[in-house]
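In what follows, a structure is listed as structure tokens, so that the remarks can point back to it.
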Amino acid sequence: MRPRLLLVLSLVCLAAALAGCKTLVRESVPGDWVEVPPGSAVRFNRPIEISPGRARAFLTTGSALAEGTSCAVEVRRIDHEKPQAVAAGTYQITRVQNDLALVSKVDDPSRGAVRFQLAGHGDSGGSQMVRFGYHFWLDDGQDPNLMRMTCLGRLDDPAYTRPPTLEEIRAVLGDQATLELAGQPVEPKP
């Protein structure tokens, strides 16, 4: 009887600990960390086209405020024959998940063989480049092929990079899409 009680107690504690986990997003670099509350949504202001043979389309505005941030809309299935489109409209965010993208170094074959290199410069030394970010999982009720929007911060060494802020995500989305946090007024586009 005692081991069973210990197992039940352990499972209850684990469930309570996991229930307390939430993903927080920064409003801006000097700003506070906030939760993306239930009822938040992404509104695509026009259809998003995904090229044949691809599972995602990048949303880009060229805004200087984005600082290396990128966002992509992702679908579940790839169509190799024709482009796919995610219809304009509002899609509820069902959950927010932290993401870590590890980026491998690709050797430049045009540089040729090097007989001498300093440590950490091409000898697999040092840390791997990473991009921290978020998956915004979207309700697929309107479009069963729609999966999520992923936003990543700038590519850098782990010590120098960070996930994107809401301000940077909004700058990347530009007039293509709007991130609407529940309980907050929608900011008009300039």
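Here's how to read the names in the structure tokens: chain A, B, ... by the order shown, residue numbers from 1 in each chain, ligand numbers from 1 in the order shown.
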- Task: Using only C-alpha atoms, determine which residues lie at most 10 Å from Thr94 in chain A, disregarding the query and same-chain residues fewer than 6 positions distant; provide the list as number ranges by chain.
- Result: A: 37-41, 136-140, 148
- Item | Shell of 6 Å around Val73 in chain A, only C-alpha atoms, local chain residues under 3 positions omitted, as an NGL selection string | :A and (56-57 or 149)
Write the residues you've just listed into a file as a short mmCIF file (atom, residue, chain, number, x, y, z; two decimals), in the first residue's frame, and include C-alpha atoms for each of them.
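Just written: selection-v1.cif:
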```cif
data_model
loop_
_atom_site.label_atom_id
_atom_site.label_comp_id
_atom_site.auth_asym_id
_atom_site.auth_seq_id
_atom_site.Cartn_x
_atom_site.Cartn_y
_atom_site.Cartn_z
CA ARG A 56 6.48 27.10 -44.74
CA ALA A 57 6.34 30.65 -45.99
CA MET A 149 3.57 30.29 -36.88
#
```
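Across A:Pro30, A:Ile93, A:Val75, A:Asp99, the tightest approach to Ala182 in chain A is made by A:Ile93 when counting only C-alpha atoms.
The shortest atom-to-atom distance to Leu102 in chain A, with only C-alpha atoms taken into account, belongs to A:Gly133 out of A:Pro144, A:Gly174, A:Gly133, A:Gly53.
Closest approach to Asp156 in chain A from the set A:Pro52, A:Gly183, A:Gly68, A:Gly141 is made by A:Gly68, with distances taken over only C-alpha atoms.
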- Which of these residues is nearest to Gln184 in chain A, using only C-alpha atoms: A:Asn45, A:Ala87, A:Gln97, A:Val36? A:Val36
- Task: Please identify which residues in range 38-183 of chain A DSSP calls strand (DSSP E or B) from the backbone, and express them as a PyMOL selection string.
- Result: chain A and resi 41-44+48-50+56-59+70-75+84-86+89-103+129-138+146-152+156+177-180
Would you write out those residues with C-alpha atoms, as a PDB file, in the first residue's frame?
```
ATOM      1  CA  ALA A  41      -4.923  35.128 -32.062  1.00  0.00           C
ATOM      2  CA  VAL A  42      -2.977  35.757 -35.249  1.00  0.00           C
ATOM      3  CA  ARG A  43      -4.833  37.642 -37.967  1.00  0.00           C
ATOM      4  CA  PHE A  44      -3.519  37.200 -41.511  1.00  0.00           C
ATOM      5  CA  ILE A  48      -0.175  33.578 -47.290  1.00  0.00           C
ATOM      6  CA  GLU A  49       1.170  31.583 -50.257  1.00  0.00           C
ATOM      7  CA  ILE A  50       3.412  28.566 -49.680  1.00  0.00           C
ATOM      8  CA  ARG A  56       6.476  27.103 -44.737  1.00  0.00           C
ATOM      9  CA  ALA A  57       6.342  30.652 -45.992  1.00  0.00           C
ATOM     10  CA  PHE A  58       8.456  33.369 -44.399  1.00  0.00           C
ATOM     11  CA  LEU A  59       6.829  36.651 -43.473  1.00  0.00           C
ATOM     12  CA  SER A  70      11.991  36.010 -38.646  1.00  0.00           C
ATOM     13  CA  CYS A  71       8.522  34.472 -38.651  1.00  0.00           C
ATOM     14  CA  ALA A  72       7.184  31.666 -40.829  1.00  0.00           C
ATOM     15  CA  VAL A  73       3.722  30.172 -41.297  1.00  0.00           C
ATOM     16  CA  GLU A  74       3.875  26.366 -41.388  1.00  0.00           C
ATOM     17  CA  VAL A  75       1.493  23.756 -42.772  1.00  0.00           C
ATOM     18  CA  GLN A  84      -0.797  26.238 -51.164  1.00  0.00           C
ATOM     19  CA  ALA A  85      -2.495  29.187 -49.495  1.00  0.00           C
ATOM     20  CA  VAL A  86      -3.456  29.963 -45.929  1.00  0.00           C
ATOM     21  CA  GLY A  89      -8.540  35.552 -41.413  1.00  0.00           C
ATOM     22  CA  THR A  90      -8.155  35.242 -37.668  1.00  0.00           C
ATOM     23  CA  TYR A  91      -6.727  32.041 -36.166  1.00  0.00           C
ATOM     24  CA  GLN A  92      -6.779  31.392 -32.416  1.00  0.00           C
ATOM     25  CA  ILE A  93      -3.471  30.560 -30.735  1.00  0.00           C
ATOM     26  CA  THR A  94      -3.973  27.233 -28.946  1.00  0.00           C
ATOM     27  CA  ARG A  95      -0.574  27.162 -27.213  1.00  0.00           C
ATOM     28  CA  VAL A  96       2.842  28.823 -27.207  1.00  0.00           C
ATOM     29  CA  GLN A  97       5.969  26.677 -27.083  1.00  0.00           C
ATOM     30  CA  ASN A  98       9.627  27.671 -26.659  1.00  0.00           C
ATOM     31  CA  ASP A  99      11.833  26.734 -29.598  1.00  0.00           C
ATOM     32  CA  LEU A 100      15.577  26.343 -30.026  1.00  0.00           C
ATOM     33  CA  ALA A 101      16.960  26.065 -33.558  1.00  0.00           C
ATOM     34  CA  LEU A 102      20.522  24.741 -33.733  1.00  0.00           C
ATOM     35  CA  VAL A 103      22.308  25.897 -36.866  1.00  0.00           C
ATOM     36  CA  MET A 129      25.098  29.013 -33.420  1.00  0.00           C
ATOM     37  CA  VAL A 130      21.486  29.047 -32.214  1.00  0.00           C
ATOM     38  CA  ARG A 131      18.192  30.870 -32.653  1.00  0.00           C
ATOM     39  CA  PHE A 132      15.752  31.009 -29.755  1.00  0.00           C
ATOM     40  CA  GLY A 133      12.091  31.585 -30.470  1.00  0.00           C
ATOM     41  CA  TYR A 134       8.495  30.493 -30.158  1.00  0.00           C
ATOM     42  CA  HIS A 135       5.997  28.227 -31.890  1.00  0.00           C
ATOM     43  CA  PHE A 136       2.529  29.806 -31.905  1.00  0.00           C
ATOM     44  CA  TRP A 137       0.301  26.748 -32.510  1.00  0.00           C
ATOM     45  CA  LEU A 138      -2.824  27.800 -34.404  1.00  0.00           C
ATOM     46  CA  LEU A 146      -2.527  24.959 -40.994  1.00  0.00           C
ATOM     47  CA  MET A 147      -0.141  24.092 -38.162  1.00  0.00           C
ATOM     48  CA  ARG A 148       1.673  27.044 -36.565  1.00  0.00           C
ATOM     49  CA  MET A 149       3.569  30.288 -36.878  1.00  0.00           C
ATOM     50  CA  THR A 150       7.187  30.097 -35.740  1.00  0.00           C
ATOM     51  CA  CYS A 151       9.117  33.247 -34.817  1.00  0.00           C
ATOM     52  CA  LEU A 152      12.866  33.092 -34.154  1.00  0.00           C
ATOM     53  CA  ASP A 156      24.240  34.136 -32.749  1.00  0.00           C
ATOM     54  CA  ALA A 177      -0.401  39.791 -40.130  1.00  0.00           C
ATOM     55  CA  THR A 178      -1.305  40.995 -36.648  1.00  0.00           C
ATOM     56  CA  LEU A 179      -0.550  39.315 -33.332  1.00  0.00           C
ATOM     57  CA  GLU A 180      -3.594  40.027 -31.148  1.00  0.00           C
TER      58      GLU A 180
END
```
